[in-house]
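**Q** Take a look at target.cif, mmCIF, C-alpha atoms:
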```cif
data_work
loop_
_atom_site.label_atom_id
_atom_site.label_comp_id
_atom_site.auth_asym_id
_atom_site.auth_seq_id
_atom_site.Cartn_x
_atom_site.Cartn_y
_atom_site.Cartn_z
CA MET A 260 -11.02 -52.75 -48.68
CA SER A 261 -13.24 -51.80 -51.63
CA ILE A 262 -16.50 -49.97 -51.11
CA VAL A 263 -19.41 -50.17 -53.52
CA ILE A 264 -22.22 -47.62 -53.23
CA LEU A 265 -25.59 -48.24 -54.90
CA GLY A 266 -27.17 -44.87 -55.68
CA ALA A 267 -25.73 -41.50 -56.68
CA GLY A 268 -28.20 -39.19 -55.01
CA HIS A 269 -27.27 -36.88 -52.15
CA ALA A 270 -26.68 -39.78 -49.71
CA GLY A 271 -24.45 -41.82 -52.02
CA LEU A 272 -22.37 -38.90 -53.31
CA THR A 273 -21.93 -37.34 -49.87
CA LEU A 274 -20.77 -40.67 -48.49
CA ALA A 275 -18.21 -41.04 -51.30
CA ARG A 276 -16.95 -37.50 -50.71
CA GLU A 277 -16.55 -38.11 -46.98
CA ILE A 278 -14.83 -41.48 -47.47
CA ARG A 279 -12.39 -39.83 -49.85
CA ALA A 280 -11.76 -37.04 -47.35
CA ASN A 281 -10.75 -39.70 -44.80
CA SER A 282 -8.88 -42.04 -47.13
CA LYS A 283 -7.08 -41.25 -50.37
CA THR A 284 -6.69 -44.87 -51.42
CA THR A 285 -9.89 -46.80 -50.61
CA PRO A 286 -11.34 -47.94 -53.95
CA ILE A 287 -14.88 -46.55 -54.38
CA THR A 288 -17.39 -47.62 -57.02
CA ILE A 289 -20.71 -45.79 -57.39
CA ILE A 290 -23.48 -47.47 -59.34
CA SER A 291 -26.60 -45.58 -60.45
CA ARG A 292 -29.55 -46.63 -62.54
CA GLU A 293 -29.87 -42.99 -63.65
CA ALA A 294 -27.35 -40.78 -65.41
CA ILE A 295 -25.07 -39.49 -62.65
CA ARG A 296 -25.36 -35.74 -62.13
CA GLY A 297 -24.64 -33.81 -58.98
CA TYR A 298 -27.62 -31.61 -58.08
CA TYR A 299 -29.52 -30.53 -54.99
CA LYS A 300 -32.85 -32.31 -55.08
CA PRO A 301 -34.82 -29.74 -53.03
CA SER A 302 -34.13 -27.26 -55.86
CA LEU A 303 -36.56 -29.19 -58.06
CA SER A 304 -39.53 -27.63 -56.30
CA LYS A 305 -38.18 -24.07 -56.49
CA ALA A 306 -36.31 -23.73 -59.80
CA LEU A 307 -39.03 -22.11 -61.94
CA SER A 308 -39.35 -18.87 -60.01
CA VAL A 309 -35.57 -18.36 -60.04
CA ASN A 310 -35.54 -18.94 -63.81
CA LYS A 311 -33.34 -22.02 -63.73
CA THR A 312 -33.57 -24.68 -66.43
CA PRO A 313 -33.06 -28.33 -65.44
CA ASP A 314 -29.53 -28.19 -66.92
CA GLN A 315 -28.66 -25.19 -64.78
CA LEU A 316 -29.50 -27.18 -61.64
CA VAL A 317 -26.58 -29.53 -62.31
CA MET A 318 -23.74 -28.55 -59.98
CA LYS A 319 -21.32 -31.28 -61.08
CA SER A 320 -21.08 -33.53 -64.14
CA ALA A 321 -20.25 -37.23 -63.89
CA GLU A 322 -16.73 -36.48 -65.18
CA THR A 323 -16.09 -33.89 -62.46
CA ILE A 324 -17.51 -36.17 -59.78
CA ALA A 325 -15.35 -39.12 -60.90
CA GLN A 326 -12.28 -36.91 -60.94
CA ASP A 327 -12.94 -35.12 -57.64
CA LEU A 328 -13.70 -38.36 -55.83
CA ASN A 329 -11.20 -40.53 -57.66
CA ALA A 330 -14.04 -43.02 -57.89
CA LYS A 331 -15.32 -45.39 -60.53
CA LEU A 332 -18.80 -44.33 -61.71
CA LEU A 333 -21.20 -46.73 -63.38
CA SER A 334 -24.10 -44.68 -64.73
CA ASN A 335 -27.28 -46.15 -66.19
CA VAL A 336 -26.65 -49.52 -64.60
CA THR A 337 -29.48 -51.35 -62.88
CA VAL A 338 -28.35 -53.68 -60.12
CA ILE A 339 -30.41 -56.85 -60.28
CA GLU A 340 -28.92 -58.88 -57.46
CA ILE A 341 -26.83 -58.70 -54.32
CA ASP A 342 -24.99 -61.95 -53.63
CA THR A 343 -24.25 -61.89 -49.93
CA GLU A 344 -22.43 -65.27 -50.08
CA CYS A 345 -19.83 -64.13 -52.63
CA ASN A 346 -19.87 -60.42 -51.65
CA GLU A 347 -20.70 -59.19 -55.11
CA VAL A 348 -23.46 -57.31 -56.91
CA ARG A 349 -24.69 -58.04 -60.40
CA GLY A 350 -26.04 -55.39 -62.74
CA LEU A 351 -27.06 -54.67 -66.31
CA PHE A 352 -26.40 -51.61 -68.43
CA ASN A 353 -29.85 -50.13 -69.10
CA SER A 354 -29.11 -49.72 -72.79
CA ASP A 355 -27.13 -52.90 -73.38
CA GLU A 356 -28.84 -55.03 -76.00
CA GLU A 357 -26.66 -58.04 -75.28
CA SER A 358 -27.57 -57.74 -71.62
CA SER A 359 -24.22 -59.07 -70.47
CA VAL A 360 -24.10 -59.15 -66.68
CA LEU A 361 -21.63 -56.91 -64.85
CA THR A 362 -20.26 -58.44 -61.68
CA ILE A 363 -18.79 -56.08 -59.10
CA PRO A 364 -17.16 -57.47 -55.94
CA TYR A 365 -17.27 -55.54 -52.68
CA ASP A 366 -15.78 -55.64 -49.20
CA SER A 367 -18.41 -53.20 -47.93
CA LEU A 368 -21.64 -52.46 -49.76
CA VAL A 369 -23.74 -49.37 -49.09
CA LEU A 370 -27.35 -49.11 -50.21
CA ALA A 371 -28.27 -45.51 -50.98
CA THR A 372 -31.12 -46.47 -53.25
CA GLY A 373 -33.43 -43.63 -52.26
CA ALA A 374 -37.20 -43.64 -52.37
CA SER A 375 -39.85 -43.51 -55.05
CA PRO A 376 -42.96 -41.33 -55.21
CA ILE A 377 -46.11 -42.99 -53.94
CA ARG A 378 -48.63 -43.51 -56.75
CA LEU A 379 -52.24 -43.19 -55.67
CA PRO A 380 -54.77 -45.40 -57.41
CA ILE A 381 -56.40 -42.76 -59.60
CA GLU A 382 -58.62 -43.86 -62.44
CA ARG A 383 -57.27 -42.49 -65.74
CA ASP A 384 -57.01 -43.31 -69.42
CA SER A 385 -53.65 -44.28 -70.88
CA THR A 386 -53.12 -40.92 -72.59
CA THR A 387 -53.45 -38.88 -69.38
CA GLU A 388 -50.12 -38.47 -67.65
CA LEU A 389 -49.73 -38.19 -63.92
CA LEU A 390 -46.38 -36.41 -63.48
CA LEU A 391 -44.06 -37.31 -60.60
CA ILE A 392 -41.04 -35.27 -59.55
CA ASN A 393 -38.36 -37.12 -57.65
CA ASN A 394 -35.26 -36.79 -59.80
CA LEU A 395 -33.83 -34.55 -62.47
CA GLU A 396 -35.12 -36.76 -65.28
CA ASP A 397 -38.69 -36.50 -63.94
CA TYR A 398 -38.16 -32.77 -63.61
CA GLU A 399 -37.08 -32.39 -67.24
CA ILE A 400 -40.34 -34.07 -68.29
CA PHE A 401 -42.39 -31.83 -65.97
CA ARG A 402 -40.79 -28.67 -67.39
CA ASP A 403 -41.43 -29.88 -70.92
CA ARG A 404 -45.12 -30.57 -70.15
CA ILE A 405 -45.85 -27.19 -68.57
CA GLN A 406 -43.92 -25.20 -71.19
CA GLY A 407 -46.34 -22.68 -72.71
CA LYS A 408 -49.23 -23.93 -70.54
CA LYS A 409 -51.28 -22.06 -67.95
CA LYS A 410 -52.84 -24.40 -65.40
CA VAL A 411 -51.38 -27.04 -63.12
CA LEU A 412 -53.15 -29.33 -60.65
CA ILE A 413 -51.07 -30.62 -57.74
CA ILE A 414 -52.07 -33.65 -55.68
CA GLY A 415 -50.58 -33.37 -52.20
CA ALA A 416 -50.27 -30.44 -49.76
CA GLY A 417 -47.11 -31.59 -47.98
CA PHE A 418 -43.60 -30.13 -48.38
CA VAL A 419 -43.18 -30.78 -52.07
CA GLY A 420 -46.78 -29.97 -53.02
CA CYS A 421 -46.71 -26.62 -51.18
CA GLU A 422 -43.28 -25.66 -52.55
CA LEU A 423 -44.29 -26.56 -56.10
CA ALA A 424 -47.52 -24.61 -55.73
CA SER A 425 -45.56 -21.57 -54.53
CA ASP A 426 -43.01 -21.91 -57.34
CA LEU A 427 -45.71 -22.26 -60.00
CA ILE A 428 -47.98 -19.46 -58.78
CA SER A 429 -44.96 -17.11 -58.53
CA SER A 430 -44.16 -17.98 -62.14
CA GLY A 431 -47.59 -17.03 -63.45
CA TYR A 432 -49.37 -20.39 -63.49
CA ASP A 433 -52.88 -21.06 -62.19
CA VAL A 434 -52.59 -23.63 -59.41
CA ASP A 435 -55.15 -26.01 -57.93
CA ILE A 436 -54.06 -28.23 -55.04
CA VAL A 437 -55.92 -31.30 -53.80
CA ASP A 438 -55.34 -33.22 -50.59
CA LEU A 439 -57.35 -35.31 -48.17
CA CYS A 440 -55.77 -33.37 -45.27
CA GLU A 441 -57.60 -30.51 -43.55
CA TRP A 442 -54.73 -27.98 -43.76
CA PRO A 443 -51.41 -27.81 -45.61
CA LEU A 444 -48.38 -29.46 -43.96
CA GLN A 445 -50.79 -31.11 -41.53
CA ARG A 446 -48.22 -33.62 -40.25
CA SER A 447 -45.76 -30.88 -39.35
CA MET A 448 -47.85 -28.11 -37.81
CA PRO A 449 -51.05 -27.29 -35.92
CA GLU A 450 -54.24 -26.21 -37.69
CA VAL A 451 -53.96 -22.49 -36.86
CA MET A 452 -50.56 -22.31 -38.54
CA GLY A 453 -51.53 -24.35 -41.61
CA THR A 454 -54.57 -22.11 -41.98
CA GLU A 455 -52.32 -19.03 -42.15
CA ILE A 456 -50.22 -20.61 -44.91
CA LYS A 457 -53.38 -21.55 -46.76
CA LYS A 458 -54.69 -18.00 -46.45
CA ALA A 459 -51.43 -16.40 -47.62
CA MET A 460 -51.21 -18.67 -50.66
CA THR A 461 -54.91 -18.13 -51.44
CA GLU A 462 -54.20 -14.40 -51.69
CA GLN A 463 -51.59 -15.24 -54.35
CA GLY A 464 -54.26 -17.17 -56.24
CA VAL A 465 -53.77 -20.81 -55.19
CA LYS A 466 -57.06 -22.71 -55.18
CA TRP A 467 -57.30 -25.30 -52.41
CA HIS A 468 -59.42 -28.46 -52.48
CA LEU A 469 -58.82 -30.00 -49.05
CA GLY A 470 -60.60 -32.88 -47.37
CA THR A 471 -61.19 -34.47 -50.74
CA THR A 472 -59.37 -36.68 -53.24
CA LEU A 473 -58.81 -36.91 -56.95
CA ALA A 474 -61.05 -39.75 -58.12
CA SER A 475 -60.34 -39.82 -61.84
CA VAL A 476 -58.76 -37.89 -64.69
CA LYS A 477 -59.18 -37.92 -68.44
CA THR A 478 -58.03 -35.95 -71.48
CA ASP A 479 -60.64 -34.34 -73.74
CA LYS A 480 -60.46 -33.73 -77.49
CA GLN A 481 -58.89 -30.29 -77.03
CA ASN A 482 -56.12 -31.97 -75.00
CA ASN A 483 -57.35 -30.48 -71.71
CA LYS A 484 -56.97 -32.63 -68.64
CA ILE A 485 -60.24 -32.97 -66.75
CA ALA A 486 -59.97 -33.90 -63.07
CA TYR A 487 -62.93 -35.23 -61.09
CA LEU A 488 -62.70 -34.81 -57.32
CA SER A 489 -64.62 -37.06 -54.95
CA ASP A 490 -66.55 -34.03 -53.60
CA GLY A 491 -68.02 -33.48 -57.06
CA THR A 492 -65.72 -30.63 -58.17
CA ILE A 493 -64.54 -30.78 -61.77
CA ILE A 494 -61.27 -29.02 -62.68
CA GLN A 495 -59.96 -28.36 -66.16
CA THR A 496 -56.16 -28.15 -66.23
CA ASP A 497 -53.07 -28.59 -68.44
CA ALA A 498 -50.92 -30.85 -66.28
CA ILE A 499 -51.37 -32.97 -63.16
CA ILE A 500 -48.53 -33.58 -60.69
CA SER A 501 -48.64 -36.10 -57.89
CA ALA A 502 -46.61 -35.21 -54.78
CA VAL A 503 -48.05 -37.40 -52.05
CA GLY A 504 -44.94 -38.74 -50.37
CA LEU A 505 -42.24 -41.33 -50.83
CA VAL A 506 -41.83 -45.03 -50.30
CA PRO A 507 -38.28 -46.34 -49.66
CA ASN A 508 -36.69 -48.41 -52.44
CA THR A 509 -36.17 -51.72 -50.64
CA HIS A 510 -36.62 -54.36 -53.32
CA LEU A 511 -32.92 -55.24 -53.71
CA ALA A 512 -32.44 -55.36 -49.95
CA SER A 513 -35.40 -57.64 -49.31
CA SER A 514 -34.40 -59.92 -52.22
CA ALA A 515 -30.98 -60.27 -50.58
CA GLY A 516 -32.63 -61.31 -47.32
CA LEU A 517 -31.98 -58.09 -45.40
CA THR A 518 -34.47 -57.04 -42.72
CA VAL A 519 -36.88 -54.55 -44.27
CA ARG A 520 -39.85 -52.93 -42.60
CA ARG A 521 -41.08 -49.72 -44.18
CA GLY A 522 -37.44 -48.98 -45.04
CA ILE A 523 -34.23 -51.02 -44.87
CA GLU A 524 -33.63 -51.44 -41.16
CA VAL A 525 -30.33 -50.05 -39.90
CA ASP A 526 -28.67 -49.63 -36.51
CA GLU A 527 -26.79 -46.60 -35.18
CA LEU A 528 -23.79 -47.56 -37.35
CA SER A 529 -26.03 -47.54 -40.47
CA GLN A 530 -25.49 -51.31 -40.66
CA THR A 531 -28.25 -53.51 -42.04
CA SER A 532 -29.07 -56.98 -40.71
CA GLN A 533 -26.28 -58.27 -42.96
CA PRO A 534 -22.64 -57.69 -41.93
CA ASP A 535 -20.73 -55.69 -44.55
CA ILE A 536 -23.92 -54.15 -45.92
CA TYR A 537 -24.90 -50.65 -44.83
CA ALA A 538 -27.70 -48.31 -45.89
CA LEU A 539 -28.44 -44.62 -45.60
CA GLY A 540 -30.67 -41.84 -46.87
CA ASP A 541 -34.28 -42.07 -48.04
CA CYS A 542 -34.20 -45.90 -48.27
CA VAL A 543 -33.60 -46.58 -44.57
CA GLU A 544 -35.64 -46.96 -41.44
CA TYR A 545 -33.91 -46.11 -38.17
CA GLN A 546 -35.56 -46.62 -34.79
CA GLY A 547 -38.89 -47.15 -36.51
CA VAL A 548 -38.93 -44.01 -38.65
CA THR A 549 -37.92 -42.98 -42.14
CA LEU A 550 -36.28 -39.56 -42.57
CA PRO A 551 -36.46 -38.56 -46.23
CA PHE A 552 -34.60 -35.27 -45.81
CA ILE A 553 -31.20 -33.90 -46.79
CA ALA A 554 -29.80 -33.20 -43.32
CA PRO A 555 -30.16 -36.66 -41.74
CA ALA A 556 -28.64 -38.21 -44.87
CA THR A 557 -25.65 -35.84 -44.61
CA GLN A 558 -25.13 -36.72 -40.94
CA ALA A 559 -25.45 -40.46 -41.60
CA ALA A 560 -23.01 -40.22 -44.53
CA LYS A 561 -20.39 -38.50 -42.38
CA ALA A 562 -20.69 -41.02 -39.54
CA LEU A 563 -20.68 -44.01 -41.91
CA ALA A 564 -17.64 -42.69 -43.82
CA LYS A 565 -15.72 -42.67 -40.53
CA THR A 566 -16.90 -46.17 -39.67
CA LEU A 567 -15.88 -47.48 -43.10
CA THR A 568 -12.43 -45.91 -42.86
CA GLY A 569 -11.63 -47.39 -39.50
CA GLU A 570 -13.15 -45.13 -36.86
CA GLU A 571 -16.43 -46.66 -35.71
CA THR A 572 -18.86 -43.75 -35.30
CA ALA A 573 -22.47 -43.95 -34.14
CA LEU A 574 -25.11 -41.72 -35.72
CA GLU A 575 -26.26 -38.78 -33.64
CA LEU A 576 -28.94 -36.50 -34.98
CA PRO A 577 -29.64 -33.09 -33.54
CA ALA A 578 -33.03 -31.44 -34.13
CA LEU A 579 -33.00 -30.83 -37.87
CA PRO A 580 -35.20 -27.98 -39.06
CA VAL A 581 -36.31 -27.83 -42.70
CA ALA A 582 -37.00 -24.53 -44.44
CA VAL A 583 -40.12 -24.84 -46.58
CA LYS A 584 -39.92 -22.45 -49.54
CA ILE A 585 -43.32 -20.80 -49.58
CA SER A 586 -42.92 -17.25 -50.89
CA ALA A 587 -46.21 -16.00 -49.40
CA CYS A 588 -45.35 -17.21 -45.90
CA PRO A 589 -41.79 -18.05 -44.76
CA THR A 590 -41.94 -21.41 -42.99
CA VAL A 591 -39.55 -23.59 -41.00
CA VAL A 592 -40.60 -26.96 -39.64
CA CYS A 593 -38.89 -29.42 -37.35
CA PRO A 594 -41.50 -32.20 -37.10
CA PRO A 595 -41.54 -34.42 -34.00
CA LEU A 596 -40.68 -38.06 -34.78
CA ASN A 597 -42.99 -39.39 -32.09
CA LYS A 598 -46.47 -37.99 -32.69
CA LYS A 599 -47.63 -38.36 -29.06
CA GLY A 600 -47.95 -34.92 -27.59
CA ILE A 601 -49.62 -31.57 -28.18
CA TRP A 602 -48.93 -28.35 -30.07
CA GLN A 603 -48.65 -25.08 -28.15
CA VAL A 604 -48.92 -21.97 -30.28
CA GLN A 605 -48.08 -18.32 -29.64
CA GLY A 606 -48.01 -15.24 -31.85
CA ALA A 607 -50.49 -13.43 -34.04
CA GLY A 608 -51.53 -13.38 -37.67
CA MET A 609 -48.95 -15.04 -39.87
CA ASN A 610 -46.16 -14.69 -37.30
CA LEU A 611 -46.57 -17.88 -35.30
CA GLU A 612 -44.38 -20.07 -33.16
CA ALA A 613 -45.57 -23.60 -32.37
CA HIS A 614 -43.84 -25.98 -29.95
CA PHE A 615 -44.62 -29.68 -29.92
CA ILE A 616 -44.64 -30.84 -26.30
CA ASN A 617 -44.23 -34.60 -25.78
CA GLU A 618 -45.70 -36.73 -23.00
CA GLU A 619 -42.73 -35.98 -20.73
CA GLY A 620 -43.34 -32.25 -21.10
CA ALA A 621 -40.26 -31.62 -23.30
CA MET A 622 -40.21 -29.86 -26.68
CA SER A 623 -39.62 -32.55 -29.32
CA GLY A 624 -40.47 -30.53 -32.43
CA PHE A 625 -41.47 -27.07 -33.57
CA SER A 626 -42.69 -25.04 -36.51
CA LEU A 627 -42.37 -21.35 -37.29
CA THR A 628 -44.02 -19.01 -39.76
CA GLY A 629 -43.61 -15.38 -40.83
CA GLN A 630 -41.15 -13.30 -38.82
CA CYS A 631 -40.92 -16.05 -36.19
CA ILE A 632 -38.59 -18.07 -38.46
CA ALA A 633 -35.79 -15.90 -37.01
CA LYS A 634 -36.14 -17.99 -33.81
CA LYS A 635 -34.99 -21.15 -35.60
CA ASN A 636 -31.48 -21.40 -34.13
CA GLN A 637 -32.70 -20.64 -30.63
CA LEU A 638 -35.36 -23.38 -30.83
CA VAL A 639 -32.92 -25.92 -32.29
CA ALA A 640 -30.85 -25.43 -29.13
CA GLU A 641 -33.93 -25.88 -26.90
CA CYS A 642 -35.47 -28.81 -28.77
CA LEU A 643 -34.70 -32.46 -28.03
CA PRO A 644 -32.37 -34.01 -30.61
CA ALA A 645 -34.04 -36.28 -33.19
CA PHE A 646 -32.00 -39.25 -31.91
CA TYR A 647 -29.65 -39.33 -28.97
CA MET B 21 -11.57 -4.26 -46.46
CA GLU B 22 -11.74 -7.25 -48.78
CA PHE B 23 -14.74 -9.53 -48.45
CA LYS B 24 -14.81 -13.18 -49.44
CA LYS B 25 -17.58 -15.58 -50.44
CA TYR B 26 -18.05 -19.15 -49.28
CA CYS B 27 -20.23 -21.77 -50.98
CA CYS B 28 -22.03 -24.77 -49.47
CA LEU B 29 -20.89 -28.07 -51.02
CA THR B 30 -24.34 -29.62 -50.71
CA CYS B 31 -26.80 -26.95 -51.79
CA ASP B 32 -24.73 -24.17 -53.42
CA LEU B 33 -25.87 -21.53 -50.93
CA ILE B 34 -23.38 -18.68 -50.80
CA TYR B 35 -22.26 -16.84 -47.69
CA ASP B 36 -21.05 -13.40 -48.72
CA GLU B 37 -19.07 -11.66 -45.97
CA ALA B 38 -20.10 -8.26 -47.38
CA LEU B 39 -23.81 -9.07 -46.95
CA GLY B 40 -23.56 -11.16 -43.81
CA TRP B 41 -26.69 -13.12 -42.97
CA PRO B 42 -29.00 -10.93 -40.89
CA ASP B 43 -31.66 -13.69 -40.51
CA GLU B 44 -28.99 -15.84 -38.86
CA GLY B 45 -27.80 -12.98 -36.69
CA PHE B 46 -24.68 -12.05 -38.71
CA ALA B 47 -24.43 -8.37 -39.59
CA PRO B 48 -23.09 -7.27 -43.00
CA GLY B 49 -19.30 -7.47 -42.91
CA THR B 50 -19.17 -10.50 -40.59
CA LYS B 51 -16.01 -12.44 -41.47
CA TRP B 52 -16.25 -16.16 -42.12
CA ASP B 53 -13.74 -16.80 -39.33
CA ASP B 54 -16.08 -15.05 -36.88
CA ILE B 55 -18.98 -17.39 -37.62
CA PRO B 56 -19.34 -20.03 -34.87
CA GLU B 57 -17.95 -23.47 -35.74
CA ASP B 58 -21.28 -25.09 -34.83
CA TRP B 59 -23.24 -22.89 -37.23
CA THR B 60 -24.99 -24.90 -39.95
CA CYS B 61 -26.18 -24.03 -43.44
CA PRO B 62 -29.63 -22.38 -43.19
CA GLU B 63 -30.74 -24.18 -46.35
CA CYS B 64 -29.48 -27.76 -45.90
CA SER B 65 -27.96 -27.97 -42.38
CA ALA B 66 -24.49 -28.81 -43.73
CA SER B 67 -21.73 -27.93 -41.28
CA LYS B 68 -19.52 -24.85 -41.53
CA SER B 69 -16.62 -27.04 -42.68
CA ASP B 70 -18.70 -28.07 -45.72
CA PHE B 71 -18.34 -24.56 -47.19
CA TYR B 72 -15.51 -23.83 -49.58
CA LEU B 73 -13.92 -20.53 -50.53
CA LEU B 74 -15.14 -19.16 -53.86
CA THR B 75 -12.26 -17.90 -55.94
#
```
Mind turning the file's structure into C-alpha cells?
**A**
Amino acid sequence: MSIVILGAGHAGLTLAREIRANSKTTPITIISREAIRGYYKPSLSKALSVNKTPDQLVMKSAETIAQDLNAKLLSNVTVIEIDTECNEVRGLFNSDEESSVLTIPYDSLVLATGASPIRLPIERDSTTELLLINNLEDYEIFRDRIQGKKKVLIIGAGFVGCELASDLISSGYDVDIVDLCEWPLQRSMPEVMGTEIKKAMTEQGVKWHLGTTLASVKTDKQNNKIAYLSDGTIIQTDAIISAVGLVPNTHLASSAGLTVRRGIEVDELSQTSQPDIYALGDCVEYQGVTLPFIAPATQAAKALAKTLTGEETALELPALPVAVKISACPTVVCPPLNKKGIWQVQGAGMNLEAHFINEEGAMSGFSLTGQCIAKKNQLVAECLPAFY
Amino acid sequence: MEFKKYCCLTCDLIYDEALGWPDEGFAPGTKWDDIPEDWTCPECSASKSDFYLLT
C-alpha cells in the first residue's frame, strides 16, 4: 500500500508525519516542485520584526524530514500528469536538461498542491516587479528587494496584508496599504472593529488607501516605483507587494478529470471524485468553501492519515480561531463560513468582542480585539463548529 | 522545582512551565501535565499531543 503525496507544504508534511505515526512500514513518497524545507508559512508575514532571516525560518531540512519520516523525498520535481488508469504520476526534474520522465506508481495519491497568490491585472512595465509572498522562495526575494530600502506599498488589507504592514512598520519601514475594501479584514469583522485596527496602525504610521485600487505602476529613472491609484493618488515607493488572496492549485486535478469547482472537491474523508485520490489543505473545497488556514489542514491531515492506515475517519472541524499578528492591536478572528447573519458588537475603544449571529440565532463566528482576545477559548466553546 | 519546556511540532511555539501562559489562563509554574488534554496551541491550533519535550 504505497502512498504518494504531491506537495510538501504544511498539509503534505503533516499528513506524512501522521501516517508514519500510525504505520512504520507504509511506503511514503513526497513530491514537491520546490526545494523541500520544513517551515511555518504564517511566519513569513512576521519574521522581520523578530529579526529572523529566511534561513532561520527553516525548522527542518529535507535530510531531517526524510530521515524522521522514513520517506522518499523528490524535491524540485514538477508533476505533469496523473494517470488514473495506471495509478501513476509522471514528473520532470525542474533542472533536468534531458527531461527524462519520472514515473511513480501509487496505491493512494494525495494532492496537497496548495494555492497560488491571486494576481490582479495591474498595468505595469516589464521592469517593475510586483512581489508575491506565498512560499519561502518568494520570501527570500522579498527580503532581498527591501534590503536597505525605506518604503513599501502593500496591495491587500486582509490577513497577510495587515500582518506584513505591521511587521514592516515595526521594523522601521514606511508602509502604504491599498485595498478596495472599506476597512481592514472586512470579511472577518464588522466595520467598528476594523476601524479600530485601522486607527491603531495609523498611529504607528501606516498610510491607508481604502475604497480604491492600484491602477498602474512604473519605475522611474532613479529606480523609484511610482504607483497610480484609481482615486488619483500617486505614491512613490521602493517595493510593491501583492497580498490579495489565494486561488487553489487545481490544474493537475482537473486535467486528470477530477471534480474541481473553486478548489478540488472532497468529501468528509478528504476523497476526491476519483477513488484512491485524496486532497487536503489550501487546494481543496469542502462543502462549498475553501479554508486556506493551518488548523483545518492539520485536522484534515490527521483524519486522512487514519483513513489511509486502515481506520476510516471523517473530518470534523471545531471553530478554528486565527490569531492575526498586528502589534498595534491584538486580534483574533474566527470568520463564519456562511455569510448570512449579522454582527453583534460589545466593548469600548480597541477592546471589542463581536459575535456573528446566523439566521437560526446561533453564534457561527466571532472576532476579538485588544484585551478581549483573552475570551478566545470561551468563545470557541460557545461557537458552532466549522463543520459538524 | 524543575521546569520543563515543550515545543509545538507545527509552529515552534514553546510552552515554558516556568512562565506558564497567562493569556490562556495558566499561571507561571503550571506543569505540562496539568494542562487540559483538549487545550490547543494558541498560535496554530495543534493539539496538546503535538508538543514535544525540549531537551
**Q** What residues in chain A have any atom no more than 10 Å from chain B when counting all atoms listed in the file, and can you write them as a compact mmCIF listing (two decimals) with C-alpha atoms, in the coordinates of the input?
**A**
```txt
# COMPACT_ATOMS: atom_id res chain seq x y z
CA HIS A 269 -27.27 -36.88 -52.15
CA LEU A 272 -22.37 -38.90 -53.31
CA THR A 273 -21.93 -37.34 -49.87
CA GLY A 297 -24.64 -33.81 -58.98
CA TYR A 298 -27.62 -31.61 -58.08
CA TYR A 299 -29.52 -30.53 -54.99
CA LYS A 300 -32.85 -32.31 -55.08
CA PRO A 301 -34.82 -29.74 -53.03
CA SER A 302 -34.13 -27.26 -55.86
CA LEU A 316 -29.50 -27.18 -61.64
CA MET A 318 -23.74 -28.55 -59.98
CA PHE A 552 -34.60 -35.27 -45.81
CA ILE A 553 -31.20 -33.90 -46.79
CA ALA A 554 -29.80 -33.20 -43.32
CA PRO A 555 -30.16 -36.66 -41.74
CA THR A 557 -25.65 -35.84 -44.61
CA GLN A 558 -25.13 -36.72 -40.94
CA LEU A 579 -33.00 -30.83 -37.87
CA PRO A 580 -35.20 -27.98 -39.06
CA VAL A 581 -36.31 -27.83 -42.70
CA ALA A 582 -37.00 -24.53 -44.44
CA VAL A 583 -40.12 -24.84 -46.58
CA LYS A 584 -39.92 -22.45 -49.54
CA GLN A 630 -41.15 -13.30 -38.82
CA ILE A 632 -38.59 -18.07 -38.46
CA ALA A 633 -35.79 -15.90 -37.01
CA LYS A 634 -36.14 -17.99 -33.81
CA LYS A 635 -34.99 -21.15 -35.60
CA ASN A 636 -31.48 -21.40 -34.13
```
**Q** Starting from the shown file, work through the PyMOL selection byres ((chain B and resi 49) around 12) and note down what comes out as a list in words.
**A** Met21, Glu22, Phe23, Lys24, Lys25, Tyr35, Asp36, Glu37, Ala38, Leu39, Gly40, Trp41, Pro42, Gly45, Phe46, Ala47, Pro48, Thr50, Lys51, Trp52, Asp53, Asp54 and Ile55 of chain B
**Q** Print the selection's residues with C-alpha atoms to a file, as a PDB file, keeping the file's coordinate frame.
**A**
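The result, stored in again39.pdb:
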```
ATOM      1  CA  MET B  21     -11.570  -4.260 -46.460  1.00  0.00           C
ATOM      2  CA  GLU B  22     -11.740  -7.250 -48.780  1.00  0.00           C
ATOM      3  CA  PHE B  23     -14.740  -9.530 -48.450  1.00  0.00           C
ATOM      4  CA  LYS B  24     -14.810 -13.180 -49.440  1.00  0.00           C
ATOM      5  CA  LYS B  25     -17.580 -15.580 -50.440  1.00  0.00           C
ATOM      6  CA  TYR B  35     -22.260 -16.840 -47.690  1.00  0.00           C
ATOM      7  CA  ASP B  36     -21.050 -13.400 -48.720  1.00  0.00           C
ATOM      8  CA  GLU B  37     -19.070 -11.660 -45.970  1.00  0.00           C
ATOM      9  CA  ALA B  38     -20.100  -8.260 -47.380  1.00  0.00           C
ATOM     10  CA  LEU B  39     -23.810  -9.070 -46.950  1.00  0.00           C
ATOM     11  CA  GLY B  40     -23.560 -11.160 -43.810  1.00  0.00           C
ATOM     12  CA  TRP B  41     -26.690 -13.120 -42.970  1.00  0.00           C
ATOM     13  CA  PRO B  42     -29.000 -10.930 -40.890  1.00  0.00           C
ATOM     14  CA  GLY B  45     -27.800 -12.980 -36.690  1.00  0.00           C
ATOM     15  CA  PHE B  46     -24.680 -12.050 -38.710  1.00  0.00           C
ATOM     16  CA  ALA B  47     -24.430  -8.370 -39.590  1.00  0.00           C
ATOM     17  CA  PRO B  48     -23.090  -7.270 -43.000  1.00  0.00           C
ATOM     18  CA  THR B  50     -19.170 -10.500 -40.590  1.00  0.00           C
ATOM     19  CA  LYS B  51     -16.010 -12.440 -41.470  1.00  0.00           C
ATOM     20  CA  TRP B  52     -16.250 -16.160 -42.120  1.00  0.00           C
ATOM     21  CA  ASP B  53     -13.740 -16.800 -39.330  1.00  0.00           C
ATOM     22  CA  ASP B  54     -16.080 -15.050 -36.880  1.00  0.00           C
ATOM     23  CA  ILE B  55     -18.980 -17.390 -37.620  1.00  0.00           C
TER      24      ILE B  55
END
```
**Q** Skip A:Ile392 itself and residues of its chain fewer than 3 positions away, then list as a VMD selection string all residues within 10 Å of it, counting all atoms listed in the file.
**A** chain A and resid 300 303 to 304 375 to 376 395 to 401 419 423 500 to 502
**Q** Can you list, as a list in words, every protein, DNA or RNA residue that comes within 9 Å of A:Lys598 when you count all atoms listed in the file, leaving out same-chain residues fewer than 5 positions away?
**A**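 Surrounding residues, per the criterion: Arg446, Phe615 and Asn617 of chain A.
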